[in-house]
Amino acid sequence: MSNFVLFIFSFIFLFSCSRFHPSADGSFSLQIKPDSMFAKNIIQVVQEGLKFVTYLSNDLNIYINETISDSNLQVVDTLFDNSEYYFNIFGFCKRNQFGEELICYNGEGSNIIASFVQDFGTQLGNLTKQPDPNLTSGRFVNVFYTAIEQLCSGPMSLSNPDICKLRTYNQAGFDLQYVGIFNLLCSGLIIFLILGDIVFGYCIVHHGKFQIKWKFIIKLISLILSFLSIQVIYFVNMSMQIPIRELLEQYQIAAIQFHKFNFVIWNIIFIFNIICTIELNLTKMSLVY
């Protein structure tokens, strides 16, 4: 039973703040709160830059195919004061400045910049009544990734190496998703072995010592890999956001807060799983003799 709990909590840990599990308990949160005139001017410049992209949408291969008035663009609330975002590796959620509604997206939630672009693109797709607003936002995000890749690959990268840091940041967001899938596969393998014991091994004495031993080894290795992958996800995700947090706090634009509760609970469940797995194996081995 403890292995099932670990699998379920791994899913919650990885997929919270997404459409699979819409909630506000992700790995970290960000609240827009410009506390100085300089910060407010930066936010306004970024908002105007996002709006300017809409006028170039056809050139960027996004094809909104609809003229958008300035009054309509004012409805787009990406980066509005007091807007709060919750991030995880498979998505992010947003609560507007009034705290009224929680909207969740699937995406690269570890990438704050791509998440903002996706949020803006989705709202723009809704405003222009696109058949699939998510497709519109996906094109905006692809343009962002492509632009960073091209800037880093060109001569501009020599004069501005920070662009290549942003490319590394983008790649890390993708890589964490693969690590998350790997974690679920490890937990799923343990569940598969347990179900195999239930279906094909009603009486433990029918199992030989060798069979019990290799199943225990597979379970133990899967648990260890699951543990290592969660540590990688948490600490790499946190290290990705620390430079951004320092930059945002330096210019008093926003505040990032890391959420440790789910990570601590997962590790407690893992320790309990290790103990139960070892004790259960010892019990099975004693029944064989």
# chains A, B, ... in the order shown; residues from 1 in each chain; ligands from 1

$ select_by_dssp --residues "stretch 186-257 of chain A" --states "helix (DSSP H, G or I)" --output "PyMOL selection string"
chain A and resi 186-200+204-206+209-250

$ closest_atom_pairs --of "stretch 116-203 of chain A" --to "stretch 214-237 of chain A" --cutoff "7 Å" --atoms "only C-alpha atoms" --output "JSON lines"
{"residue": "A:Leu176", "atom": "CA", "partner": "A:Ile233", "partner_atom": "CA", "distance": 6.0}
{"residue": "A:Val179", "atom": "CA", "partner": "A:Ser229", "partner_atom": "CA", "distance": 6.1}
{"residue": "A:Asn183", "atom": "CA", "partner": "A:Ser226", "partner_atom": "CA", "distance": 5.0}
{"residue": "A:Cys186", "atom": "CA", "partner": "A:Ser222", "partner_atom": "CA", "distance": 5.0}
{"residue": "A:Ser187", "atom": "CA", "partner": "A:Ser226", "partner_atom": "CA", "distance": 6.7}
{"residue": "A:Ile190", "atom": "CA", "partner": "A:Lys219", "partner_atom": "CA", "distance": 5.6}

$ closest_residue --among "A:Glu249, A:Glu279, A:Glu108, A:Asp119" --to "A:Phe174" --atoms "only C-alpha atoms"
A:Glu108

$ atom_distance --atom1 "atom CA of A:Ala147" --atom2 "atom CA of A:Gly125"
20.8 Å

$ atom_distance --atom1 "atom CA of A:Gln118" --atom2 "atom CA of A:Lys94"
11.5 Å

$ atom_distance --atom1 "atom CA of A:Leu280" --atom2 "atom CA of A:Asn262"
26.5 Å

$ closest_residue --among "A:Ile113, A:Leu184, A:Ala172, A:Val264" --to "A:Phe144" --atoms "only C-alpha atoms"
A:Ile113

$ closest_residue --among "A:Asn126, A:Cys17, A:Gly121, A:Phe261" --to "A:Val141" --atoms "only C-alpha atoms"
A:Gly121

$ closest_residue --among "A:Asp132, A:Phe4, A:Ile265, A:Gly109" --to "A:Ser16" --atoms "only C-alpha atoms"
A:Gly109

$ closest_residue --among "A:Asn267, A:Ser10, A:Ser137, A:Asn96" --to "A:Ile32" --atoms "only C-alpha atoms"
A:Asn96

$ residues_around --residues "A:Asp25" --least-positions-apart "2" --cutoff "9 Å" --atoms "only C-alpha atoms" --output "PyMOL selection string"
chain A and resi 13+16-17+22-23+27-29+86-88+259+261-262
